[in-house]
$ cat run.txt   # compact mmCIF, C-alpha atoms
# COMPACT_ATOMS: atom_id res chain seq x y z
CA MET J 1 -19.00 39.67 42.78
CA SER J 2 -17.22 36.41 43.27
CA ILE J 3 -13.76 35.88 41.93
CA GLN J 4 -13.30 32.73 39.91
CA PRO J 5 -10.22 30.80 40.84
CA ILE J 6 -7.80 30.20 38.02
CA GLY J 7 -8.08 26.64 36.77
CA PRO J 8 -5.13 24.36 36.60
CA VAL J 9 -2.80 24.99 33.73
CA ALA J 10 -2.79 22.17 31.22
CA GLY J 11 0.67 20.83 31.72
CA PRO J 12 2.69 18.67 29.39
CA LEU J 13 1.21 15.31 28.54
CA ARG J 14 1.52 12.86 31.35
CA ILE J 15 3.74 9.99 30.43
CA THR J 16 2.05 6.71 31.18
CA ALA J 17 3.72 3.37 31.37
CA PRO J 18 2.99 0.95 28.49
CA ALA J 19 0.38 -1.72 29.12
CA GLY J 20 1.68 -4.51 31.31
CA VAL J 21 4.28 -2.29 32.95
CA GLU J 22 3.39 -0.74 36.29
CA ALA J 23 3.87 2.97 36.78
CA ALA J 24 7.13 3.66 38.54
CA SER J 25 7.12 4.89 42.12
CA PRO J 26 10.23 5.09 44.26
CA GLY J 27 9.21 1.84 45.92
CA ASN J 28 8.76 -0.35 42.89
CA ALA J 29 11.03 1.45 40.39
CA ALA J 30 13.61 -1.30 40.61
CA GLU J 31 10.90 -3.88 39.97
CA VAL J 32 9.59 -1.98 36.92
CA PHE J 33 13.08 -1.68 35.52
CA GLY J 34 13.58 -5.38 36.16
CA ASN J 35 10.41 -6.14 34.19
CA LEU J 36 11.64 -4.02 31.29
CA LEU J 37 14.93 -5.85 31.31
CA THR J 38 13.18 -9.22 31.39
CA GLN J 39 10.97 -8.19 28.47
CA GLY J 40 14.04 -7.07 26.55
CA VAL J 41 15.76 -10.39 27.13
CA ASP J 42 12.60 -12.25 26.08
CA THR J 43 12.41 -10.27 22.83
CA LEU J 44 16.09 -10.93 22.25
CA GLN J 45 15.66 -14.66 22.79
CA GLN J 46 12.68 -14.77 20.42
CA THR J 47 14.44 -12.93 17.58
CA GLN J 48 17.61 -14.97 18.07
CA ALA J 49 15.61 -18.20 17.88
CA ASN J 50 13.93 -16.97 14.70
CA ALA J 51 17.27 -16.09 13.10
CA ASP J 52 18.72 -19.44 14.20
CA ALA J 53 15.83 -21.37 12.64
CA LEU J 54 16.32 -19.52 9.35
CA ALA J 55 20.09 -20.10 9.49
CA VAL J 56 19.43 -23.85 9.79
CA GLN J 57 17.05 -23.62 6.82
CA ALA J 58 19.72 -21.82 4.81
CA ALA J 59 22.25 -24.55 5.64
CA THR J 60 19.87 -27.38 4.73
CA GLY J 61 18.70 -25.71 1.53
CA ASP J 62 15.12 -25.27 2.74
CA LEU J 63 15.33 -21.48 2.77
CA GLN J 64 12.90 -20.00 0.23
CA ASP J 65 13.94 -16.37 0.58
CA ALA J 66 17.53 -15.31 1.22
CA HIS J 67 16.35 -11.93 2.51
CA ASP J 68 14.24 -13.61 5.21
CA TYR J 69 17.41 -14.73 6.96
CA MET J 70 19.13 -11.40 6.41
CA ALA J 71 16.14 -9.50 7.85
CA ALA J 72 15.87 -11.88 10.81
CA SER J 73 19.57 -11.60 11.62
CA THR J 74 19.38 -7.80 11.30
CA GLU J 75 16.48 -7.81 13.73
CA ALA J 76 18.39 -10.10 16.09
CA ALA J 77 21.42 -7.79 15.94
CA LEU J 78 19.21 -4.82 16.81
CA ALA J 79 17.60 -6.70 19.69
CA THR J 80 21.06 -7.58 21.00
CA GLN J 81 22.14 -3.95 20.78
CA MET J 82 18.98 -2.89 22.60
CA THR J 83 19.51 -5.36 25.44
CA VAL J 84 23.14 -4.28 25.74
CA ALA J 85 22.05 -0.63 25.85
CA ILE J 86 19.56 -1.38 28.63
CA ARG J 87 22.20 -3.34 30.54
CA ASP J 88 24.67 -0.46 30.17
CA LYS J 89 22.09 1.97 31.54
CA ALA J 90 21.41 -0.31 34.51
CA VAL J 91 25.11 -0.68 35.28
CA ALA J 92 25.63 3.07 34.92
CA ALA J 93 22.80 3.78 37.35
CA PHE J 94 24.16 1.23 39.82
CA THR J 95 27.67 2.69 39.65
CA GLU J 96 26.27 6.15 40.17
CA ILE J 97 24.40 5.03 43.29
CA MET J 98 27.45 3.24 44.68
CA ARG J 99 29.47 6.42 44.24
CA LEU J 100 27.19 8.13 46.78
CA GLN J 101 28.99 6.30 49.60
CA GLY J 102 32.46 7.29 48.59
CA MET E 1 7.52 -11.86 11.86
CA SER E 2 5.24 -9.48 13.71
CA GLY E 3 5.52 -7.60 16.95
CA GLY E 4 8.67 -6.49 18.65
CA PRO E 5 10.18 -3.05 18.57
CA PHE E 6 11.71 -3.37 15.10
CA ARG E 7 8.57 -4.01 13.10
CA ALA E 8 9.47 -2.07 9.94
CA ILE E 9 12.12 -4.64 9.09
CA GLY E 10 9.63 -7.50 9.19
CA ILE E 11 7.04 -5.55 7.19
CA ALA E 12 9.51 -4.55 4.48
CA SER E 13 10.70 -8.11 4.24
CA THR E 14 7.14 -9.29 3.42
CA GLY E 15 7.32 -6.80 0.54
CA VAL E 16 10.58 -8.33 -0.64
CA THR E 17 8.92 -11.76 -0.59
CA VAL E 18 5.99 -10.57 -2.74
CA TYR E 19 8.32 -8.99 -5.30
CA ARG E 20 10.44 -12.13 -5.32
CA LYS E 21 7.33 -14.11 -6.21
CA TRP E 22 6.49 -11.58 -8.92
CA LEU E 23 10.01 -12.05 -10.33
CA ASP E 24 9.37 -15.81 -10.29
CA ALA E 25 6.08 -15.34 -12.15
CA VAL E 26 7.66 -13.09 -14.78
CA SER E 27 10.54 -15.49 -15.32
CA ASP E 28 8.04 -18.33 -15.67
CA ASN E 29 6.11 -16.31 -18.27
CA ILE E 30 9.22 -15.38 -20.23
CA SER E 31 10.69 -18.86 -20.15
CA ASN E 32 7.46 -20.35 -21.54
CA LEU E 33 6.88 -17.56 -24.05
CA ASN E 34 7.53 -19.68 -27.13
CA ASN E 35 6.00 -23.00 -26.13
CA ALA E 36 4.23 -24.38 -29.16
CA THR E 37 1.34 -26.77 -28.54
CA THR E 38 -1.15 -28.53 -30.76
CA THR E 39 -4.30 -26.60 -31.58
CA ALA E 40 -6.24 -29.20 -29.57
CA GLY E 41 -4.18 -28.50 -26.45
CA GLU E 42 -3.99 -25.49 -24.13
CA ALA E 43 -1.42 -22.73 -24.58
CA PHE E 44 0.77 -21.82 -21.60
CA ARG E 45 -1.28 -19.55 -19.35
CA GLU E 46 0.29 -16.29 -18.23
CA ARG E 47 0.89 -16.05 -14.47
CA PHE E 48 -0.41 -13.04 -12.55
CA VAL E 49 0.64 -12.47 -8.94
CA ILE E 50 -2.19 -11.07 -6.82
CA ALA E 51 -0.75 -9.01 -3.96
CA GLN E 52 -2.88 -8.23 -0.91
CA ALA E 53 -2.33 -6.07 2.16
CA VAL E 54 -2.07 -7.88 5.45
CA ASP E 55 -4.49 -6.00 7.69
CA TYR E 56 -2.51 -3.64 9.90
CA GLY E 57 -5.26 -3.81 12.53
CA SER E 58 -4.33 -7.43 13.13
CA GLY E 59 -0.91 -6.26 14.24
CA ASN E 60 0.76 -7.75 11.18
CA GLY E 61 1.47 -4.98 8.71
CA GLY E 62 2.84 -5.91 5.35
CA VAL E 63 1.81 -7.53 2.12
CA GLN E 64 1.23 -11.08 1.01
CA VAL E 65 0.50 -12.98 -2.17
CA GLY E 66 -3.23 -13.72 -2.15
CA GLY E 67 -2.93 -16.13 -5.06
CA ILE E 68 -1.73 -16.67 -8.59
CA GLU E 69 -4.27 -16.00 -11.35
CA LEU E 70 -3.87 -17.54 -14.77
CA GLY E 71 -4.38 -15.83 -18.11
CA SER E 72 -6.18 -17.20 -21.12
CA ALA E 73 -5.29 -20.67 -22.41
CA GLU E 74 -6.50 -19.74 -25.89
CA GLY E 75 -3.19 -18.21 -26.97
CA ARG E 76 -2.74 -17.40 -30.63
CA LEU E 77 -2.72 -19.64 -33.69
CA VAL E 78 0.33 -19.49 -35.92
CA HIS E 79 0.58 -20.99 -39.35
CA GLU E 80 3.61 -23.32 -39.26
CA PRO E 81 2.93 -26.28 -41.55
CA ASP E 82 6.41 -27.72 -41.02
CA HIS E 83 6.00 -27.90 -37.26
CA PRO E 84 5.65 -31.49 -36.01
CA LEU E 85 2.73 -30.41 -33.78
CA ALA E 86 0.84 -28.63 -36.58
CA ASP E 87 -2.76 -29.70 -37.23
CA GLU E 88 -4.13 -30.63 -40.65
CA ASN E 89 -4.50 -26.93 -41.55
CA GLY E 90 -0.89 -26.24 -40.58
CA TYR E 91 -1.57 -24.33 -37.33
CA VAL E 92 0.08 -24.56 -33.90
CA ARG E 93 -0.88 -22.74 -30.72
CA TYR E 94 1.45 -20.29 -28.96
CA PRO E 95 0.86 -18.51 -25.65
CA ASP E 96 -0.48 -14.99 -26.09
CA ILE E 97 2.09 -13.28 -23.85
CA ASP E 98 3.63 -9.95 -24.75
CA LEU E 99 7.38 -9.93 -24.15
CA GLY E 100 7.43 -6.14 -23.91
CA SER E 101 4.90 -6.14 -21.10
CA GLN E 102 6.82 -8.91 -19.33
CA MET E 103 10.04 -6.91 -19.54
CA SER E 104 8.41 -3.84 -18.00
CA GLN E 105 6.89 -6.02 -15.27
CA LEU E 106 10.39 -7.42 -14.73
CA MET E 107 11.73 -3.92 -14.18
CA MET E 108 8.89 -3.05 -11.80
CA ALA E 109 9.42 -6.24 -9.81
CA GLN E 110 13.17 -5.65 -9.61
CA ARG E 111 12.76 -2.03 -8.51
CA GLY E 112 10.11 -3.00 -5.96
CA TYR E 113 12.39 -5.71 -4.57
CA GLN E 114 15.24 -3.23 -4.22
CA ALA E 115 12.98 -0.54 -2.75
CA ASN E 116 11.81 -2.86 0.01
CA LEU E 117 15.39 -3.90 0.74
CA SER E 118 16.41 -0.27 1.07
CA VAL E 119 13.54 0.17 3.54
CA VAL E 120 15.15 -2.61 5.60
CA ASP E 121 18.49 -0.80 5.39
CA ARG E 122 17.10 2.59 6.35
CA ALA E 123 15.01 1.12 9.18
CA TYR E 124 18.15 -0.56 10.52
CA ASP E 125 19.99 2.78 10.50
CA ALA E 126 17.07 4.53 12.17
CA TYR E 127 16.69 1.91 14.92
CA GLN E 128 20.40 1.97 15.50
CA ALA E 129 20.29 5.76 15.93
CA ALA E 130 17.57 5.24 18.54
CA LEU E 131 19.77 2.77 20.40
CA GLN E 132 22.65 5.25 20.38
CA LEU E 133 20.45 7.80 22.18
CA GLY E 134 22.20 9.07 25.31
CA ARG E 135 25.15 6.78 24.74
CA ASN E 136 27.63 9.63 25.09
CA SER E 137 26.27 11.20 28.26
$ encode --input "run.txt" --output "structure tokens"
Amino acid sequence: MSIQPIGPVAGPLRITAPAGVEAASPGNAAEVFGNLLTQGVDTLQQTQANADALAVQAATGDLQDAHDYMAASTEAALATQMTVAIRDKAVAAFTEIMRLQG
Amino acid sequence: MSGGPFRAIGIASTGVTVYRKWLDAVSDNISNLNNATTTAGEAFRERFVIAQAVDYGSGNGGVQVGGIELGSAEGRLVHEPDHPLADENGYVRYPDIDLGSQMSQLMMAQRGYQANLSVVDRAYDAYQAALQLGRNS
């Protein structure tokens, strides 16, 4: 009678990187993080530009909906907060690494 | 605006736009409620806002105004012989719009407007909580 080996245990779901972002390996982790940061800054720039355009419309009286500007500026504020949060994490990681030497 | 990590805000704001247009339509209906015309002419036609979902599969959730439909131009004939626009039988034409129904539509439009704005508010709080994640570690 042959003994069946025990199959692999189904572990927790593997976390995969979102499309367009390479999976992190020690070698390219910095690069992946850099891409994330670049994407964050791009999103920020886009939402800021949108809010700016609506602010100009509000000033010139072309704005149809007051809430459009409010929603756009809210979104821009959130995008700014997100970019700042990512930056903070990057700086924290860098400081932590630098502390290894001391 | 579509895309981006904070999509709920953009979606809810399309809802606010639709309800704003509904408010416009209701105010148009109420302001023209008592327009008398000659029996030969058309009565003011009630405005109906037709709201449609923006297909979520396209990546743009939300709602939009598909168009404005107009009610009947027939209106109702009222006997007002003293009216300068009255015909030889003494009739003028008024729009057949019910003020009671307009007032309840007004309330629905106002509540819908506010509901969508509170979605924006709540979504802002929720997103902000996500950005605070791990801030204190």
$ closest_residue --input "run.txt" --among "E:Thr39, E:Ser13, E:Asn136, E:Asn116" --to "chain J" --atoms "all atoms listed in the file"
E:Ser13
$ interface_residues --input "run.txt" --of "chain J" --to "chain E" --cutoff "8 Å" --atoms "only C-alpha atoms" --output "ChimeraX atom specification"
/J:43,65,67-68,71-72,74-75,78,81-82,85
$ closest_atom_pairs --input "run.txt" --of "stretch 81-119 of chain E" --to "stretch 43-57 of chain E" --cutoff "7 Å" --atoms "only C-alpha atoms" --output "JSON lines"
{"residue": "E:Arg93", "atom": "CA", "partner": "E:Ala43", "partner_atom": "CA", "distance": 6.2}
{"residue": "E:Tyr94", "atom": "CA", "partner": "E:Ala43", "partner_atom": "CA", "distance": 5.8}
{"residue": "E:Pro95", "atom": "CA", "partner": "E:Ala43", "partner_atom": "CA", "distance": 4.9}
{"residue": "E:Ile97", "atom": "CA", "partner": "E:Glu46", "partner_atom": "CA", "distance": 6.6}
$ write_last_selection --input "run.txt" --atoms "C-alpha atoms" --output "compact mmCIF listing (two decimals), keeping the file's coordinate frame"
# COMPACT_ATOMS: atom_id res chain seq x y z
CA ARG E 93 -0.88 -22.74 -30.72
CA TYR E 94 1.45 -20.29 -28.96
CA PRO E 95 0.86 -18.51 -25.65
CA ILE E 97 2.09 -13.28 -23.85
$ residues_around --input "run.txt" --residues "E:Glu42" --least-positions-apart "3" --cutoff "8 Å" --atoms "all atoms listed in the file" --output "PyMOL selection string"
chain E and resi 37-39+73-75+93
$ atom_distance --input "run.txt" --atom1 "atom CA of J:Gln48" --atom2 "atom CA of J:Leu63"
16.8 Å
$ atom_distance --input "run.txt" --atom1 "atom CA of E:Ser27" --atom2 "atom CA of E:Gly67"
16.9 Å
$ closest_residue --input "run.txt" --among "J:Ala59, J:Phe94, J:Gln101, J:Gln64" --to "J:Ala30" --atoms "only C-alpha atoms"
J:Phe94
$ closest_residue --input "run.txt" --among "J:Ala92, J:Ile97, J:Thr80, J:Ile3" --to "J:Gln46" --atoms "all atoms listed in the file"
J:Thr80
$ closest_residue --input "run.txt" --among "J:Val91, J:Val84, J:Met98, J:Ala76" --to "J:Asn50" --atoms "only C-alpha atoms"
J:Ala76
$ atom_distance --input "run.txt" --atom1 "atom CA of J:Ala77" --atom2 "atom CA of J:Glu96"
28.4 Å
$ build_atoms --input "run.txt" --residues "stretch 77-96 of chain E" --atoms "N, CA and C atoms" --output "PDB file, in the frame of the given file"
ATOM      1  N   LEU E  77      -3.014 -18.597 -32.707  1.00  0.00           N
ATOM      2  CA  LEU E  77      -2.720 -19.640 -33.690  1.00  0.00           C
ATOM      3  C   LEU E  77      -1.718 -19.097 -34.700  1.00  0.00           C
ATOM      4  N   VAL E  78      -0.703 -19.911 -34.975  1.00  0.00           N
ATOM      5  CA  VAL E  78       0.330 -19.490 -35.920  1.00  0.00           C
ATOM      6  C   VAL E  78       0.416 -20.539 -37.014  1.00  0.00           C
ATOM      7  N   HIS E  79       0.515 -20.068 -38.212  1.00  0.00           N
ATOM      8  CA  HIS E  79       0.580 -20.990 -39.350  1.00  0.00           C
ATOM      9  C   HIS E  79       2.019 -21.481 -39.515  1.00  0.00           C
ATOM     10  N   GLU E  80       2.276 -22.717 -39.123  1.00  0.00           N
ATOM     11  CA  GLU E  80       3.610 -23.320 -39.260  1.00  0.00           C
ATOM     12  C   GLU E  80       3.441 -24.750 -39.752  1.00  0.00           C
ATOM     13  N   PRO E  81       3.245 -24.929 -41.026  1.00  0.00           N
ATOM     14  CA  PRO E  81       2.930 -26.280 -41.550  1.00  0.00           C
ATOM     15  C   PRO E  81       4.044 -27.284 -41.318  1.00  0.00           C
ATOM     16  N   ASP E  82       5.288 -26.802 -41.192  1.00  0.00           N
ATOM     17  CA  ASP E  82       6.410 -27.720 -41.020  1.00  0.00           C
ATOM     18  C   ASP E  82       6.564 -28.194 -39.588  1.00  0.00           C
ATOM     19  N   HIS E  83       5.857 -27.543 -38.679  1.00  0.00           N
ATOM     20  CA  HIS E  83       6.000 -27.900 -37.260  1.00  0.00           C
ATOM     21  C   HIS E  83       5.433 -29.286 -37.009  1.00  0.00           C
ATOM     22  N   PRO E  84       6.160 -30.126 -36.254  1.00  0.00           N
ATOM     23  CA  PRO E  84       5.650 -31.490 -36.010  1.00  0.00           C
ATOM     24  C   PRO E  84       4.305 -31.501 -35.291  1.00  0.00           C
ATOM     25  N   LEU E  85       3.997 -30.439 -34.532  1.00  0.00           N
ATOM     26  CA  LEU E  85       2.730 -30.410 -33.780  1.00  0.00           C
ATOM     27  C   LEU E  85       1.598 -29.760 -34.577  1.00  0.00           C
ATOM     28  N   ALA E  86       1.860 -29.343 -35.813  1.00  0.00           N
ATOM     29  CA  ALA E  86       0.840 -28.630 -36.580  1.00  0.00           C
ATOM     30  C   ALA E  86      -0.356 -29.529 -36.881  1.00  0.00           C
ATOM     31  N   ASP E  87      -1.552 -28.932 -36.899  1.00  0.00           N
ATOM     32  CA  ASP E  87      -2.760 -29.700 -37.230  1.00  0.00           C
ATOM     33  C   ASP E  87      -2.899 -29.808 -38.753  1.00  0.00           C
ATOM     34  N   GLU E  88      -4.006 -30.364 -39.210  1.00  0.00           N
ATOM     35  CA  GLU E  88      -4.130 -30.630 -40.650  1.00  0.00           C
ATOM     36  C   GLU E  88      -4.146 -29.343 -41.477  1.00  0.00           C
ATOM     37  N   ASN E  89      -4.521 -28.208 -40.835  1.00  0.00           N
ATOM     38  CA  ASN E  89      -4.500 -26.930 -41.550  1.00  0.00           C
ATOM     39  C   ASN E  89      -3.153 -26.225 -41.431  1.00  0.00           C
ATOM     40  N   GLY E  90      -2.213 -26.834 -40.700  1.00  0.00           N
ATOM     41  CA  GLY E  90      -0.890 -26.240 -40.580  1.00  0.00           C
ATOM     42  C   GLY E  90      -0.737 -25.246 -39.446  1.00  0.00           C
ATOM     43  N   TYR E  91      -1.629 -25.309 -38.431  1.00  0.00           N
ATOM     44  CA  TYR E  91      -1.570 -24.330 -37.330  1.00  0.00           C
ATOM     45  C   TYR E  91      -1.044 -24.966 -36.045  1.00  0.00           C
ATOM     46  N   VAL E  92      -0.285 -24.195 -35.281  1.00  0.00           N
ATOM     47  CA  VAL E  92       0.080 -24.560 -33.900  1.00  0.00           C
ATOM     48  C   VAL E  92      -0.354 -23.416 -32.992  1.00  0.00           C
ATOM     49  N   ARG E  93      -0.414 -23.742 -31.678  1.00  0.00           N
ATOM     50  CA  ARG E  93      -0.880 -22.740 -30.720  1.00  0.00           C
ATOM     51  C   ARG E  93       0.305 -22.227 -29.895  1.00  0.00           C
ATOM     52  N   TYR E  94       0.410 -20.924 -29.788  1.00  0.00           N
ATOM     53  CA  TYR E  94       1.450 -20.290 -28.960  1.00  0.00           C
ATOM     54  C   TYR E  94       0.783 -19.502 -27.838  1.00  0.00           C
ATOM     55  N   PRO E  95       1.454 -19.346 -26.701  1.00  0.00           N
ATOM     56  CA  PRO E  95       0.860 -18.510 -25.650  1.00  0.00           C
ATOM     57  C   PRO E  95       0.765 -17.061 -26.099  1.00  0.00           C
ATOM     58  N   ASP E  96      -0.291 -16.378 -25.687  1.00  0.00           N
ATOM     59  CA  ASP E  96      -0.480 -14.990 -26.090  1.00  0.00           C
ATOM     60  C   ASP E  96       0.099 -14.075 -25.008  1.00  0.00           C
TER      61      ASP E  96
END
